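Structure file structure06.cif; described as mmCIF, C-alpha atoms.
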data_run
#
loop_
_atom_site.group_PDB
_atom_site.id
_atom_site.type_symbol
_atom_site.label_atom_id
_atom_site.label_comp_id
_atom_site.auth_asym_id
_atom_site.auth_seq_id
_atom_site.Cartn_x
_atom_site.Cartn_y
_atom_site.Cartn_z
ATOM 1 C CA MET A 1 111.801 138.473 105.230
ATOM 2 C CA LEU A 2 112.354 135.745 102.610
ATOM 3 C CA GLY A 3 113.323 132.355 103.974
ATOM 4 C CA GLU A 4 111.739 132.954 107.362
ATOM 5 C CA THR A 5 108.364 131.784 108.481
ATOM 6 C CA THR A 6 106.025 133.124 111.081
ATOM 7 C CA THR A 7 103.411 131.264 113.038
ATOM 8 C CA ALA A 8 100.131 132.905 113.770
ATOM 9 C CA PHE A 9 99.071 130.120 116.120
ATOM 10 C CA SER A 10 101.042 128.086 118.632
ATOM 11 C CA ASP A 11 101.329 124.287 118.217
ATOM 12 C CA GLN A 12 99.125 123.901 121.268
ATOM 13 C CA GLU A 13 96.407 126.000 119.639
ATOM 14 C CA ILE A 14 96.622 124.000 116.418
ATOM 15 C CA GLN A 15 96.450 120.665 118.217
ATOM 16 C CA SER A 16 93.194 121.690 119.848
ATOM 17 C CA TYR A 17 91.509 121.576 116.410
ATOM 18 C CA SER A 18 91.124 118.009 115.272
ATOM 19 C CA THR A 19 90.606 118.994 111.615
ATOM 20 C CA VAL A 20 93.957 120.711 111.310
ATOM 21 C CA SER A 21 96.695 118.479 109.937
ATOM 22 C CA TYR A 22 100.378 119.091 109.443
ATOM 23 C CA LEU A 23 101.865 119.303 105.980
ATOM 24 C CA PRO A 24 104.917 117.189 105.214
ATOM 25 C CA GLU A 25 107.955 119.154 106.308
ATOM 26 C CA ASN A 26 109.646 118.954 102.925
ATOM 27 C CA ARG A 27 106.693 120.531 101.077
ATOM 28 C CA GLU A 28 107.615 124.115 100.355
ATOM 29 C CA ARG A 29 104.767 125.221 98.144
ATOM 30 C CA ILE A 30 101.168 124.303 97.556
ATOM 31 C CA LEU A 31 100.005 125.700 94.248
ATOM 32 C CA ILE A 32 96.425 126.326 93.324
ATOM 33 C CA ASN A 33 96.365 126.052 89.562
ATOM 34 C CA GLU A 34 94.092 127.786 87.106
ATOM 35 C CA PRO A 35 91.620 125.326 85.593
ATOM 36 C CA GLY A 36 93.198 123.829 82.467
ATOM 37 C CA HIS A 37 90.602 124.851 79.883
ATOM 38 C CA ASN A 38 92.044 127.062 77.190
ATOM 39 C CA TRP A 39 88.874 129.166 77.318
ATOM 40 C CA TRP A 40 89.185 129.964 81.034
ATOM 41 C CA PRO A 41 90.875 133.402 80.610
ATOM 42 C CA ASP A 42 88.162 134.440 78.115
ATOM 43 C CA ILE A 43 85.436 133.473 80.579
ATOM 44 C CA GLU A 44 87.118 135.436 83.351
ATOM 45 C CA GLU A 45 87.373 138.446 81.023
ATOM 46 C CA ARG A 46 83.724 138.093 80.026
ATOM 47 C CA LEU A 47 82.617 137.977 83.660
ATOM 48 C CA LYS A 48 84.786 140.996 84.491
ATOM 49 C CA HIS A 49 83.071 142.831 81.638
ATOM 50 C CA LEU A 50 79.603 141.809 82.865
ATOM 51 C CA ILE A 51 80.169 142.951 86.454
ATOM 52 C CA ASN A 52 81.321 146.300 85.084
ATOM 53 C CA LEU A 53 78.310 146.936 82.850
ATOM 54 C CA ASP A 54 76.685 150.346 83.293
ATOM 55 C CA ASN A 55 73.393 150.567 85.114
ATOM 56 C CA GLY A 56 70.699 150.593 82.446
ATOM 57 C CA TRP A 57 72.824 148.629 79.955
ATOM 58 C CA ASP A 58 69.625 147.014 78.599
ATOM 59 C CA GLY A 59 68.008 150.347 77.724
ATOM 60 C CA TYR A 60 65.836 150.146 80.865
ATOM 61 C CA ASN A 61 67.125 149.931 84.435
ATOM 62 C CA ALA A 62 69.168 146.718 84.410
ATOM 63 C CA GLU A 63 71.958 146.243 86.933
ATOM 64 C CA PRO A 64 75.374 144.804 86.101
ATOM 65 C CA VAL A 65 75.958 141.144 86.966
ATOM 66 C CA SER A 66 76.613 140.842 90.672
ATOM 67 C CA PHE A 67 80.082 139.851 91.871
ATOM 68 C CA LEU A 68 78.534 137.041 93.945
ATOM 69 C CA ASN A 69 76.772 135.555 90.931
ATOM 70 C CA ALA A 70 79.871 135.853 88.753
ATOM 71 C CA SER A 71 81.976 134.211 91.432
ATOM 72 C CA PHE A 72 79.442 131.409 91.869
ATOM 73 C CA ALA A 73 79.319 130.878 88.093
ATOM 74 C CA LEU A 74 83.090 130.416 88.036
ATOM 75 C CA ARG A 75 82.885 127.871 90.830
ATOM 76 C CA VAL A 76 80.146 125.978 89.009
ATOM 77 C CA LEU A 77 82.154 125.932 85.771
ATOM 78 C CA GLU A 78 85.278 124.828 87.602
ATOM 79 C CA THR A 79 83.315 121.955 89.119
ATOM 80 C CA ILE A 80 81.256 120.721 86.177
ATOM 81 C CA CYS A 81 83.610 121.186 83.208
ATOM 82 C CA THR A 82 86.224 118.684 82.162
ATOM 83 C CA ILE A 83 89.299 119.621 80.177
ATOM 84 C CA ASN A 84 87.392 118.805 76.952
ATOM 85 C CA THR A 85 84.231 120.758 77.646
ATOM 86 C CA PRO A 86 83.647 123.391 74.951
ATOM 87 C CA ALA A 87 83.614 127.040 75.987
ATOM 88 C CA PRO A 88 80.311 128.189 77.433
ATOM 89 C CA GLN A 89 78.699 131.506 76.538
ATOM 90 C CA ILE A 90 77.666 133.846 79.336
ATOM 91 C CA VAL A 91 74.885 136.404 79.034
ATOM 92 C CA PRO A 92 73.667 138.886 81.627
ATOM 93 C CA GLY A 93 70.165 139.037 83.083
ATOM 94 C CA THR A 94 68.697 142.362 84.138
ATOM 95 C CA GLY A 95 68.755 141.898 87.918
ATOM 96 C CA GLY A 96 72.408 140.992 88.554
ATOM 97 C CA ASP A 97 71.776 137.431 87.367
ATOM 98 C CA LEU A 98 73.454 135.638 84.457
ATOM 99 C CA GLN A 99 73.023 132.654 82.185
ATOM 100 C CA ILE A 100 75.645 130.088 81.187
ATOM 101 C CA GLU A 101 74.863 128.457 77.829
ATOM 102 C CA TRP A 102 76.113 125.695 75.531
ATOM 103 C CA HIS A 103 74.580 125.167 72.102
ATOM 104 C CA THR A 104 75.708 122.356 69.810
ATOM 105 C CA ASP A 105 73.911 120.637 66.914
ATOM 106 C CA THR A 106 72.419 118.054 69.279
ATOM 107 C CA THR A 107 72.386 119.610 72.711
ATOM 108 C CA GLU A 108 71.406 122.842 74.434
ATOM 109 C CA ILE A 109 72.197 123.528 78.073
ATOM 110 C CA GLU A 110 71.243 126.738 79.867
ATOM 111 C CA LEU A 111 72.032 127.481 83.520
ATOM 112 C CA HIS A 112 70.321 130.604 84.791
ATOM 113 C CA VAL A 113 72.198 131.711 87.914
ATOM 114 C CA ILE A 114 69.616 133.778 89.798
ATOM 115 C CA ALA A 115 71.700 133.784 92.980
ATOM 116 C CA PRO A 116 74.392 131.551 94.461
ATOM 117 C CA TYR A 117 72.854 128.084 94.970
ATOM 118 C CA ARG A 118 69.725 129.147 93.088
ATOM 119 C CA VAL A 119 69.961 128.005 89.488
ATOM 120 C CA GLU A 120 67.277 127.240 86.920
ATOM 121 C CA ALA A 121 68.608 124.759 84.398
ATOM 122 C CA TRP A 122 67.262 123.674 81.032
ATOM 123 C CA ILE A 123 68.709 120.724 79.150
ATOM 124 C CA CYS A 124 67.559 119.788 75.657
ATOM 125 C CA SER A 125 69.224 116.808 73.993
ATOM 126 C CA PRO A 126 68.347 113.580 72.170
ATOM 127 C CA GLU A 127 67.944 112.054 75.652
ATOM 128 C CA THR A 128 65.375 114.632 76.862
ATOM 129 C CA GLY A 129 63.290 115.085 73.702
ATOM 130 C CA THR A 130 62.531 118.371 71.957
ATOM 131 C CA ASP A 131 60.880 120.107 74.914
ATOM 132 C CA GLY A 132 63.918 119.499 77.067
ATOM 133 C CA LYS A 133 64.011 119.176 80.820
ATOM 134 C CA GLU A 134 63.747 122.015 83.353
ATOM 135 C CA LEU A 135 65.470 121.672 86.732
ATOM 136 C CA ILE A 136 65.898 123.787 89.846
ATOM 137 C CA LEU A 137 69.433 123.328 91.196
ATOM 138 C CA THR A 138 71.118 124.356 94.416
ATOM 139 C CA ASN A 139 74.434 122.596 95.000
ATOM 140 C CA ASN A 140 74.002 119.320 93.107
ATOM 141 C CA PHE A 141 74.882 119.667 89.413
ATOM 142 C CA ILE A 142 75.173 115.972 88.588
ATOM 143 C CA GLU A 143 72.431 116.140 85.913
ATOM 144 C CA VAL A 144 74.325 118.944 84.188
ATOM 145 C CA VAL A 145 77.592 116.996 84.372
ATOM 146 C CA ARG A 146 75.836 114.012 82.762
ATOM 147 C CA ALA A 147 74.335 116.233 80.064
ATOM 148 C CA LEU A 148 77.733 117.789 79.302
ATOM 149 C CA SER A 149 79.263 114.336 79.100
ATOM 150 C CA LYS A 150 76.547 113.184 76.671
ATOM 151 C CA MET A 151 77.005 116.377 74.666
ATOM 152 C CA MET A 152 80.699 115.551 74.303
ATOM 153 C CA GLU A 153 79.852 112.004 73.189
ATOM 154 C CA HIS A 154 77.550 113.382 70.497
ATOM 155 C CA LEU A 155 80.248 115.802 69.347
ATOM 156 C CA ILE A 156 82.765 112.963 69.068
ATOM 157 C CA ASP A 157 80.224 110.824 67.147
ATOM 158 C CA GLU A 158 79.560 113.714 64.758
ATOM 159 C CA ALA A 159 83.263 114.257 64.194
ATOM 160 C CA ALA A 160 83.783 110.542 63.539
ATOM 161 C CA ALA A 161 80.876 110.431 61.072
ATOM 162 C CA ALA A 162 82.078 113.500 59.156
ATOM 163 C CA MET B 1 46.724 156.415 80.935
ATOM 164 C CA LYS B 2 45.361 155.586 84.370
ATOM 165 C CA PRO B 3 48.164 155.282 87.005
ATOM 166 C CA PRO B 4 49.153 151.701 87.814
ATOM 167 C CA PRO B 5 48.356 150.039 91.173
ATOM 168 C CA ARG B 6 51.218 150.266 93.685
ATOM 169 C CA ASP B 7 52.112 148.437 96.894
ATOM 170 C CA ASP B 8 53.192 149.977 100.226
ATOM 171 C CA ALA B 9 56.765 150.275 98.943
ATOM 172 C CA ASN B 10 55.416 152.244 95.942
ATOM 173 C CA GLN B 11 56.326 149.409 93.590
ATOM 174 C CA VAL B 12 53.937 148.667 90.758
ATOM 175 C CA ILE B 13 51.841 145.586 91.419
ATOM 176 C CA PRO B 14 51.558 143.126 88.508
ATOM 177 C CA HIS B 15 48.349 143.990 86.665
ATOM 178 C CA ASP B 16 46.687 143.844 83.274
ATOM 179 C CA HIS B 17 46.100 147.499 82.426
ATOM 180 C CA PRO B 18 42.621 148.267 81.045
ATOM 181 C CA ASP B 19 43.930 151.137 78.880
ATOM 182 C CA ILE B 20 46.341 148.837 77.031
ATOM 183 C CA ASN B 21 44.223 147.369 74.247
ATOM 184 C CA ASN B 22 44.662 144.028 72.552
ATOM 185 C CA GLU B 23 45.376 145.863 69.275
ATOM 186 C CA HIS B 24 48.337 147.652 70.877
ATOM 187 C CA GLU B 25 51.955 146.575 70.568
ATOM 188 C CA VAL B 26 54.855 146.503 72.990
ATOM 189 C CA ILE B 27 58.528 146.920 72.138
ATOM 190 C CA ARG B 28 61.145 144.848 73.936
ATOM 191 C CA ARG B 29 64.656 146.322 73.773
ATOM 192 C CA ILE B 30 67.420 143.787 73.129
ATOM 193 C CA SER B 31 71.020 144.482 74.084
ATOM 194 C CA SER B 32 73.828 142.961 72.032
ATOM 195 C CA GLU B 33 75.100 141.668 75.401
ATOM 196 C CA GLN B 34 72.271 139.121 75.171
ATOM 197 C CA VAL B 35 73.260 137.728 71.787
ATOM 198 C CA VAL B 36 74.761 134.239 71.620
ATOM 199 C CA GLU B 37 76.165 132.057 68.876
ATOM 200 C CA LYS B 38 74.018 129.042 68.134
ATOM 201 C CA LYS B 39 74.680 126.530 65.372
ATOM 202 C CA GLY B 40 76.782 129.036 63.443
ATOM 203 C CA LYS B 41 74.297 131.926 63.748
ATOM 204 C CA ASN B 42 74.060 134.848 66.140
ATOM 205 C CA VAL B 43 70.701 134.749 67.918
ATOM 206 C CA ILE B 44 68.990 136.383 70.889
ATOM 207 C CA SER B 45 69.514 134.429 74.116
ATOM 208 C CA SER B 46 66.453 133.045 75.857
ATOM 209 C CA ILE B 47 67.307 135.207 78.882
ATOM 210 C CA ALA B 48 66.047 138.225 76.916
ATOM 211 C CA TYR B 49 62.562 136.688 77.131
ATOM 212 C CA LYS B 50 62.479 136.351 80.896
ATOM 213 C CA ALA B 51 61.197 138.475 83.735
ATOM 214 C CA SER B 52 63.580 140.486 85.854
ATOM 215 C CA THR B 53 64.526 138.600 89.023
ATOM 216 C CA GLY B 54 63.496 141.350 91.498
ATOM 217 C CA LYS B 55 60.267 141.705 93.466
ATOM 218 C CA ASN B 56 57.220 142.157 91.187
ATOM 219 C CA GLY B 57 59.667 141.713 88.319
ATOM 220 C CA GLY B 58 58.305 141.426 84.825
ATOM 221 C CA MET B 59 59.753 141.711 81.337
ATOM 222 C CA SER B 60 60.386 145.383 80.581
ATOM 223 C CA VAL B 61 58.785 146.821 77.438
ATOM 224 C CA ASP B 62 57.926 150.178 75.879
ATOM 225 C CA LEU B 63 54.252 150.820 75.144
ATOM 226 C CA LYS B 64 54.284 151.766 71.438
ATOM 227 C CA GLN B 65 50.870 153.443 71.207
ATOM 228 C CA LEU B 66 51.583 155.568 74.298
ATOM 229 C CA ILE B 67 54.776 156.848 72.648
ATOM 230 C CA GLU B 68 52.900 157.639 69.424
ATOM 231 C CA ILE B 69 50.116 159.541 71.228
ATOM 232 C CA ASP B 70 52.775 162.021 72.346
ATOM 233 C CA GLY B 71 53.929 162.466 68.755
ATOM 234 C CA VAL B 72 57.258 160.752 69.424
ATOM 235 C CA ASP B 73 58.775 158.341 66.891
ATOM 236 C CA PRO B 74 58.994 154.971 68.711
ATOM 237 C CA LYS B 75 62.105 153.946 66.746
ATOM 238 C CA ILE B 76 63.903 157.063 67.925
ATOM 239 C CA TRP B 77 62.581 156.658 71.483
ATOM 240 C CA VAL B 78 63.856 153.114 71.931
ATOM 241 C CA THR B 79 67.282 153.877 70.471
ATOM 242 C CA THR B 80 67.959 157.085 72.402
ATOM 243 C CA PRO B 81 70.186 157.918 74.241
ATOM 244 C CA ARG B 82 71.619 154.395 74.060
ATOM 245 C CA TRP B 83 71.359 152.650 70.681
ATOM 246 C CA ILE B 84 69.927 149.243 71.228
ATOM 247 C CA GLY B 85 68.051 146.678 69.132
ATOM 248 C CA SER B 86 64.413 145.773 69.770
ATOM 249 C CA VAL B 87 61.611 143.392 68.897
ATOM 250 C CA ILE B 88 57.874 143.966 68.919
ATOM 251 C CA PHE B 89 54.940 141.895 70.212
ATOM 252 C CA LYS B 90 51.183 142.207 69.794
ATOM 253 C CA VAL B 91 49.442 142.624 73.146
ATOM 254 C CA SER B 92 46.725 140.178 72.040
ATOM 255 C CA ASP B 93 49.364 137.452 71.524
ATOM 256 C CA LEU B 94 50.764 138.030 75.004
ATOM 257 C CA ARG B 95 47.342 137.923 76.630
ATOM 258 C CA GLU B 96 46.511 134.713 74.771
ATOM 259 C CA MET B 97 49.514 133.224 76.589
ATOM 260 C CA ASN B 98 48.004 134.403 79.903
ATOM 261 C CA PHE B 99 50.543 137.181 80.322
ATOM 262 C CA MET B 100 49.442 140.434 81.915
ATOM 263 C CA VAL B 101 50.524 143.650 80.194
ATOM 264 C CA GLY B 102 50.790 146.611 82.549
ATOM 265 C CA TYR B 103 51.975 150.171 82.866
ATOM 266 C CA ASP B 104 55.083 150.873 84.993
ATOM 267 C CA PRO B 105 56.531 154.335 84.320
ATOM 268 C CA ILE B 106 60.176 154.623 85.394
ATOM 269 C CA LEU B 107 60.985 157.803 87.276
ATOM 270 C CA ALA B 108 64.720 157.373 87.869
ATOM 271 C CA PRO B 109 67.579 156.910 87.171
ATOM 272 C CA ASN B 110 66.622 156.454 83.497
ATOM 273 C CA PRO B 111 63.132 157.982 83.268
ATOM 274 C CA ASN B 112 60.749 156.286 80.840
ATOM 275 C CA GLU B 113 57.127 157.396 80.991
ATOM 276 C CA TYR B 114 56.224 154.820 78.327
ATOM 277 C CA HIS B 115 57.618 151.861 80.245
ATOM 278 C CA GLY B 116 55.450 148.799 80.729
ATOM 279 C CA GLU B 117 55.906 145.305 82.087
ATOM 280 C CA VAL B 118 54.806 141.879 80.989
ATOM 281 C CA TRP B 119 54.076 139.594 83.917
ATOM 282 C CA GLY B 120 53.354 135.876 83.920
ATOM 283 C CA ASP B 121 54.968 132.481 83.705
ATOM 284 C CA PHE B 122 58.241 132.671 81.766
ATOM 285 C CA LYS B 123 58.690 128.905 81.689
ATOM 286 C CA LYS B 124 60.742 127.483 78.815
ATOM 287 C CA SER B 125 57.769 126.714 76.561
ATOM 288 C CA ASN B 126 56.566 130.310 76.914
ATOM 289 C CA GLN B 127 60.053 131.683 76.231
ATOM 290 C CA LYS B 128 60.116 129.629 73.024
ATOM 291 C CA LYS B 129 56.674 130.934 72.057
ATOM 292 C CA LEU B 130 57.774 134.526 72.723
ATOM 293 C CA LYS B 131 60.822 133.941 70.553
ATOM 294 C CA SER B 132 58.600 132.685 67.727
ATOM 295 C CA LEU B 133 56.196 135.640 68.055
ATOM 296 C CA ALA B 134 58.887 138.330 68.191
ATOM 297 C CA ILE B 135 59.343 140.514 65.093
ATOM 298 C CA TRP B 136 62.312 142.830 64.674
ATOM 299 C CA PHE B 137 61.498 146.482 65.377
ATOM 300 C CA VAL B 138 65.081 147.773 65.334
ATOM 301 C CA PRO B 139 67.205 144.893 64.025
ATOM 302 C CA ILE B 140 70.726 144.236 65.258
ATOM 303 C CA ASN B 141 73.145 143.629 62.390
ATOM 304 C CA ASN B 142 74.008 139.969 61.776
ATOM 305 C CA VAL B 143 71.637 138.698 64.469
ATOM 306 C CA ASP B 144 68.718 136.360 63.735
ATOM 307 C CA LEU B 145 65.566 136.092 65.814
ATOM 308 C CA VAL B 146 65.721 132.279 66.049
#

Would you write the structure of this file as structure tokens?
Amino acid sequence: MLGETTTAFSDQEIQSYSTVSYLPENRERILINEPGHNWWPDIEERLKHLINLDNGWDGYNAEPVSFLNASFALRVLETICTINTPAPQIVPGTGGDLQIEWHTDTTEIELHVIAPYRVEAWICSPETGTDGKELILTNNFIEVVRALSKMMEHLIDEAAAA
Amino acid sequence: MKPPPRDDANQVIPHDHPDINNEHEVIRRISSEQVVEKKGKNVISSIAYKASTGKNGGMSVDLKQLIEIDGVDPKIWVTTPRWIGSVIFKVSDLREMNFMVGYDPILAPNPNEYHGEVWGDFKKSNQKKLKSLAIWFVPINNVDLV
């Protein structure tokens, strides 16, 4: 019933867990917001489409993108993108994997999500040289964050020069 | 064509098939799902030039000469029943890059008796080389190779 609350655990039970803390009594709602990028709904739609691909979508025996990989990709994007990051492109691999890509005039970034916490990254920018830099990533995406930040700087410089 | 070597799970083991000659060609189907926009052009994503992520995974191809021996038109074969674009590679070029080109007929769910695999190191430099060697076989409208 609206206006009433229920407690699944007694106060005594809660106090036995040191990591549990009380919320201020006057806080009525805690909202988890959608990330603020204007491209976020398009990315969610794209991932929904990719996890619903038919088996054999590639003309051979490819599987659709796995829900776990799509979910992990969203978490990665949520973590590494700032409000100004341009929209990534997402392409499916043939074994349930996927690739997140950015391509600008100066910078290319590709994140091949093979499985959650198993990502092959390639960054090619003025900082890396023409061959680019290949990385194996698990849960630390700091190099990608730096590359995205540099990519944005280059985009701003280009816009200023134009 | 001699049957390919298989492991205990009946999966084809990566191999360089002796009946696939250097003069032969392989066709790699390209789905429009793997097209990206790059510097104002639509191009094939690098992920199309990678091996599948499963066990013994290679890059799927159709063996053109094997299709032709059976009197089938390869362009019809690779676009039926699902229309899809494709590029073609010379086997000699792949072997020069230390790739193995093998035979891996698919029995189900989408049978393909002309199916082959390309196995090897799909590192970035090799993906770029594959991209530069690829020639359209069945082009996708408004998509460039590079």

Check your understanding: Expressed in Å to a single decimal, how great is the separation between CA of Pro81 (chain B) and CA of Asn10 (chain B)?
Key -> 26.9 Å

Practice item. Give the answer as one residue: which of B:Asp8, B:Glu68, B:Asp16, B:Glu37 has the shortest atom-to-atom distance to Met100 (chain B), using all atoms listed in the file? Key: B:Asp16

Exercise for review: I would like the residues chosen by the PyMOL selection byres ((chain A) within 6 of (chain B)) on the shown file; could you give them as a PyMOL selection string?
Suggested key: chain A and resi 58+91+94-95+103

Exercise for review: Could you state which residues are captured by the PyMOL selection byres ((chain B and resi 146) around 9) in this file, as a PyMOL selection string?
Suggested key: chain B and resi 41-44+131-132+143-145

Review point. In terms of the shortest atom-to-atom distance over all atoms listed in the file, which of B:Lys75, B:Lys55, B:Ala9, B:Pro14 is closest to Tyr103 (chain B)?
Key: B:Pro14

When you look at region 128-131 of chain A with a cut-off of 12 Å (counting only C-alpha atoms), what residues show up, excluding the ones that are within fewer than 3 positions of it in the same chain? I need them as a short mmCIF file (atom, residue, chain, number, x, y, z; two decimals) with C-alpha atoms, in the frame of the given file.
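So out18.cif came out as:
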data_model
loop_
_atom_site.label_atom_id
_atom_site.label_comp_id
_atom_site.auth_asym_id
_atom_site.auth_seq_id
_atom_site.Cartn_x
_atom_site.Cartn_y
_atom_site.Cartn_z
CA THR A 106 72.42 118.05 69.28
CA THR A 107 72.39 119.61 72.71
CA GLU A 108 71.41 122.84 74.43
CA ILE A 109 72.20 123.53 78.07
CA TRP A 122 67.26 123.67 81.03
CA ILE A 123 68.71 120.72 79.15
CA CYS A 124 67.56 119.79 75.66
CA SER A 125 69.22 116.81 73.99
CA GLU A 134 63.75 122.02 83.35
CA GLU A 143 72.43 116.14 85.91
CA ALA A 147 74.33 116.23 80.06
CA LYS A 150 76.55 113.18 76.67
CA MET A 151 77.00 116.38 74.67
CA LYS B 123 58.69 128.90 81.69
CA LYS B 124 60.74 127.48 78.82
CA SER B 125 57.77 126.71 76.56
CA ASN B 126 56.57 130.31 76.91
CA GLN B 127 60.05 131.68 76.23
CA LYS B 128 60.12 129.63 73.02
CA LYS B 129 56.67 130.93 72.06
#

**Study point:** All residues 12 Å or closer to Ile43 (chain A), all atoms listed in the file, same chain fewer than 4 positions away omitted, as a ChimeraX atom specification
**Key:** /A:35,37-39,47-50,70-71,73-75,77-78,86-91,100

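The smallest atom-to-atom distance between Asn21 (chain B) and any of B:Leu107, B:Asp121, B:Pro74, B:Gln65, using all atoms listed in the file, is found for B:Gln65.
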
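Across the model, the gap from CA of Lys90 (chain B) to CA of Pro105 (chain B) is 19.7 Å.
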
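The coordinates place CA of Asn69 (chain A) at 16.1 Å from CA of Phe141 (chain A).
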
Practice item. Write out as a list in words each polymer residue whose atoms come within 9 Å of Val101 (chain B), counting all atoms listed in the file; drop sequence neighbours fewer than 4 positions from it. Key: Pro14, His15, Asp16, His17, Ile20, Val26, Val91, Leu94, Arg95, Gly116, Glu117, Val118 and Trp119 of chain B

If I put a ball of radius 12 Å at (71.1, 121.1, 97.5) in the file's coordinates, which residues poke into it when counting only C-alpha atoms, written as a CSV table (one decimal) with C-alpha atoms, keeping the file's coordinate frame?
chain,number,residue,atom,x,y,z
A,116,PRO,CA,74.4,131.6,94.5
A,117,TYR,CA,72.9,128.1,95.0
A,118,ARG,CA,69.7,129.1,93.1
A,119,VAL,CA,70.0,128.0,89.5
A,136,ILE,CA,65.9,123.8,89.8
A,137,LEU,CA,69.4,123.3,91.2
A,138,THR,CA,71.1,124.4,94.4
A,139,ASN,CA,74.4,122.6,95.0
A,140,ASN,CA,74.0,119.3,93.1
A,141,PHE,CA,74.9,119.7,89.4
A,142,ILE,CA,75.2,116.0,88.6

Enclose all atoms of region 133-142 of chain B listed in the file in an axis-aligned box, grow every side by 5 Å, and hand back centre and edge lengths in Å to one decimal, as JSON.
{"center_x": 65.1, "center_y": 141.7, "center_z": 65.0, "size_x": 27.8, "size_y": 22.1, "size_z": 16.4}

Is it possible to add N, CA and C atoms to region 42-60 of chain A and hand it back as an mmCIF file, in the frame of the given file?
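That gives us part_0.cif:
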data_model
loop_
_atom_site.group_PDB
_atom_site.id
_atom_site.type_symbol
_atom_site.label_atom_id
_atom_site.label_comp_id
_atom_site.auth_asym_id
_atom_site.auth_seq_id
_atom_site.Cartn_x
_atom_site.Cartn_y
_atom_site.Cartn_z
ATOM 1 N N ASP A 42 89.237 133.708 78.813
ATOM 2 C CA ASP A 42 88.162 134.440 78.115
ATOM 3 C C ASP A 42 86.913 134.543 78.983
ATOM 4 N N ILE A 43 86.619 133.472 79.709
ATOM 5 C CA ILE A 43 85.436 133.473 80.579
ATOM 6 C C ILE A 43 85.639 134.462 81.728
ATOM 7 N N GLU A 44 86.845 134.471 82.275
ATOM 8 C CA GLU A 44 87.118 135.436 83.351
ATOM 9 C C GLU A 44 86.973 136.870 82.836
ATOM 10 N N GLU A 45 87.484 137.104 81.626
ATOM 11 C CA GLU A 45 87.373 138.446 81.023
ATOM 12 C C GLU A 45 85.913 138.815 80.800
ATOM 13 N N ARG A 46 85.147 137.850 80.298
ATOM 14 C CA ARG A 46 83.724 138.093 80.026
ATOM 15 C C ARG A 46 82.994 138.447 81.333
ATOM 16 N N LEU A 47 83.282 137.699 82.382
ATOM 17 C CA LEU A 47 82.617 137.977 83.660
ATOM 18 C C LEU A 47 83.042 139.333 84.216
ATOM 19 N N LYS A 48 84.322 139.670 84.052
ATOM 20 C CA LYS A 48 84.786 140.996 84.491
ATOM 21 C C LYS A 48 84.004 142.079 83.756
ATOM 22 N N HIS A 49 83.833 141.870 82.449
ATOM 23 C CA HIS A 49 83.071 142.831 81.638
ATOM 24 C C HIS A 49 81.628 142.933 82.158
ATOM 25 N N LEU A 50 81.014 141.798 82.462
ATOM 26 C CA LEU A 50 79.603 141.809 82.865
ATOM 27 C C LEU A 50 79.386 142.448 84.239
ATOM 28 N N ILE A 51 80.363 142.306 85.144
ATOM 29 C CA ILE A 51 80.169 142.951 86.454
ATOM 30 C C ILE A 51 80.480 144.450 86.386
ATOM 31 N N ASN A 52 81.039 144.862 85.259
ATOM 32 C CA ASN A 52 81.321 146.300 85.084
ATOM 33 C C ASN A 52 80.366 146.981 84.108
ATOM 34 N N LEU A 53 79.289 146.296 83.740
ATOM 35 C CA LEU A 53 78.310 146.936 82.850
ATOM 36 C C LEU A 53 77.729 148.171 83.539
ATOM 37 N N ASP A 54 77.338 149.158 82.717
ATOM 38 C CA ASP A 54 76.685 150.346 83.293
ATOM 39 C C ASP A 54 75.285 149.980 83.769
ATOM 40 N N ASN A 55 74.811 150.696 84.769
ATOM 41 C CA ASN A 55 73.393 150.567 85.114
ATOM 42 C C ASN A 55 72.588 150.984 83.880
ATOM 43 N N GLY A 56 71.523 150.249 83.603
ATOM 44 C CA GLY A 56 70.699 150.593 82.446
ATOM 45 C C GLY A 56 71.277 150.109 81.128
ATOM 46 N N TRP A 57 72.185 149.128 81.183
ATOM 47 C CA TRP A 57 72.824 148.629 79.955
ATOM 48 C C TRP A 57 71.809 148.038 78.971
ATOM 49 N N ASP A 58 70.635 147.650 79.464
ATOM 50 C CA ASP A 58 69.625 147.014 78.599
ATOM 51 C C ASP A 58 68.661 148.031 77.981
ATOM 52 N N GLY A 59 68.928 149.331 78.239
ATOM 53 C CA GLY A 59 68.008 150.347 77.724
ATOM 54 C C GLY A 59 66.902 150.657 78.717
ATOM 55 N N TYR A 60 66.792 149.865 79.790
ATOM 56 C CA TYR A 60 65.836 150.146 80.865
ATOM 57 C C TYR A 60 66.667 150.411 82.133
#
